[in-house]
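Input: a single structure, listed below in structure tokens.
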Amino acid sequence: MQEIVMYTDGSSRGNPGPGGYGTILIWAGHKKELSGGFRRTTNNRMELMAVIAGLEALKKEGLPITVYSDSQYVVKAVQEGWLKNWIATNFKGGKKNKDLWLHYNELAQKHKVRFVWVKGHADNPHNNRCDELATSAADGKDLEVDEAFEKESGK
């Protein structure tokens, strides 16, 4: 089975502030770009949302997926087992983004996902394109409401 390659990036204008994500899916010579923006969110939420959007776009289950991200928060949470610990302790101690992490975890169970950290704003054209998608989405009009974040932050 051919691997799917996913590049992701998130952006927030202010933290919190308007934010966006960008995702590129590459499979068997095909490339698909995804992006979206939210009126009030954080950079970490958008980094994670980029991965979620890519996983949600997949039509088949059981796929091998390599996710390239410049977010140490996302990469380390999965690769170093932080997420498993957060779930086991029900995000004790006020760990943030529970809603997105639980959604990511549910989606990831359907595939074979591995993460690779890449240096942001460097010489990786796919990562740079994801940054463009994310910042354009954050700067866009008619931004979506990140309901869980706004409810949690009280704003």
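Just so we're on the same page: first chain in the structure tokens is A, next is B, and so on; residues restart at 1 for each chain, and ligands are numbered from 1 in the order they show up.
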- Task: Return as a ChimeraX atom specification the full set of residues in region 45-132 of chain A whose backbone-based DSSP assignment is strand (DSSP E).
- Result: /A:64-69,112-117
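Once region 58-72 of chain A and its same-chain neighbours fewer than 3 positions away are set aside, Met1, Gln2, Glu3, Ile4, Val5, Met6, Tyr7, Thr8, Asp9, Asn44, Glu47, Val51, Gly54, Leu55, Val75, Lys76, Ala77, Lys110, His111, Lys112, Val113, Arg114, Phe115, Val116, Trp117, Val118, Lys119, Gly120 and Asn127 of chain A remain within 8 Å of it when counting only C-alpha atoms.
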Just list the residues in region 35-144 of chain A DSSP gives alpha helix (DSSP H) on the backbone, as a PDB file with C-alpha atoms, in the first residue's frame.
ATOM      1  CA  ASN A  43      -1.052  28.581  17.018  1.00  0.00           C
ATOM      2  CA  ASN A  44      -0.941  25.153  18.708  1.00  0.00           C
ATOM      3  CA  ARG A  45      -4.620  24.545  17.921  1.00  0.00           C
ATOM      4  CA  MET A  46      -4.019  25.387  14.263  1.00  0.00           C
ATOM      5  CA  GLU A  47      -0.919  23.159  14.078  1.00  0.00           C
ATOM      6  CA  LEU A  48      -3.052  20.282  15.333  1.00  0.00           C
ATOM      7  CA  MET A  49      -6.051  21.258  13.191  1.00  0.00           C
ATOM      8  CA  ALA A  50      -3.864  20.991  10.083  1.00  0.00           C
ATOM      9  CA  VAL A  51      -3.199  17.330  10.878  1.00  0.00           C
ATOM     10  CA  ILE A  52      -6.864  16.677  11.679  1.00  0.00           C
ATOM     11  CA  ALA A  53      -8.006  18.266   8.397  1.00  0.00           C
ATOM     12  CA  GLY A  54      -5.628  16.027   6.469  1.00  0.00           C
ATOM     13  CA  LEU A  55      -6.830  12.892   8.249  1.00  0.00           C
ATOM     14  CA  GLU A  56     -10.478  13.871   7.778  1.00  0.00           C
ATOM     15  CA  GLN A  72       7.367  20.290  18.193  1.00  0.00           C
ATOM     16  CA  TYR A  73       4.181  20.432  20.295  1.00  0.00           C
ATOM     17  CA  VAL A  74       2.335  18.133  17.880  1.00  0.00           C
ATOM     18  CA  VAL A  75       5.252  15.892  16.923  1.00  0.00           C
ATOM     19  CA  LYS A  76       6.478  15.305  20.477  1.00  0.00           C
ATOM     20  CA  ALA A  77       2.961  14.830  21.868  1.00  0.00           C
ATOM     21  CA  VAL A  78       2.510  11.839  19.572  1.00  0.00           C
ATOM     22  CA  GLN A  79       6.038  10.482  19.114  1.00  0.00           C
ATOM     23  CA  TRP A  82       2.603  12.666  25.831  1.00  0.00           C
ATOM     24  CA  LEU A  83      -0.813  12.226  24.232  1.00  0.00           C
ATOM     25  CA  LYS A  84      -1.254   8.694  25.599  1.00  0.00           C
ATOM     26  CA  ASN A  85      -0.451  10.018  29.062  1.00  0.00           C
ATOM     27  CA  TRP A  86      -2.819  12.985  28.680  1.00  0.00           C
ATOM     28  CA  ILE A  87      -5.645  10.666  27.646  1.00  0.00           C
ATOM     29  CA  ALA A  88      -4.892   8.215  30.472  1.00  0.00           C
ATOM     30  CA  LYS A  98      -8.389  18.269  24.799  1.00  0.00           C
ATOM     31  CA  ASP A  99     -11.156  18.453  22.172  1.00  0.00           C
ATOM     32  CA  LEU A 100      -8.719  18.470  19.259  1.00  0.00           C
ATOM     33  CA  TRP A 101      -6.397  15.857  20.750  1.00  0.00           C
ATOM     34  CA  LEU A 102      -9.272  13.445  21.318  1.00  0.00           C
ATOM     35  CA  HIS A 103     -10.499  14.027  17.763  1.00  0.00           C
ATOM     36  CA  TYR A 104      -6.996  13.528  16.370  1.00  0.00           C
ATOM     37  CA  ASN A 105      -6.605  10.321  18.406  1.00  0.00           C
ATOM     38  CA  GLU A 106      -9.890   8.932  17.089  1.00  0.00           C
ATOM     39  CA  LEU A 107      -8.859   9.643  13.474  1.00  0.00           C
ATOM     40  CA  ALA A 108      -5.307   8.360  13.938  1.00  0.00           C
ATOM     41  CA  PRO A 125       8.977  23.919  -0.268  1.00  0.00           C
ATOM     42  CA  HIS A 126       5.975  21.900   0.980  1.00  0.00           C
ATOM     43  CA  ASN A 127       6.318  23.230   4.524  1.00  0.00           C
ATOM     44  CA  ASN A 128       6.671  26.762   3.163  1.00  0.00           C
ATOM     45  CA  ARG A 129       3.545  26.287   1.038  1.00  0.00           C
ATOM     46  CA  CYS A 130       1.623  25.082   4.097  1.00  0.00           C
ATOM     47  CA  ASP A 131       2.749  28.245   5.904  1.00  0.00           C
ATOM     48  CA  GLU A 132       1.382  30.330   3.009  1.00  0.00           C
ATOM     49  CA  LEU A 133      -1.930  28.445   3.136  1.00  0.00           C
ATOM     50  CA  ALA A 134      -2.172  28.865   6.919  1.00  0.00           C
ATOM     51  CA  THR A 135      -1.358  32.576   6.999  1.00  0.00           C
ATOM     52  CA  SER A 136      -3.673  33.302   4.055  1.00  0.00           C
ATOM     53  CA  ALA A 137      -6.475  31.462   5.835  1.00  0.00           C
ATOM     54  CA  ALA A 138      -5.808  33.406   9.066  1.00  0.00           C
TER      55      ALA A 138
END
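If you look at CA of Gly81 (chain A) and CA of Asn97 (chain A), they are 15.9 Å away from each other.
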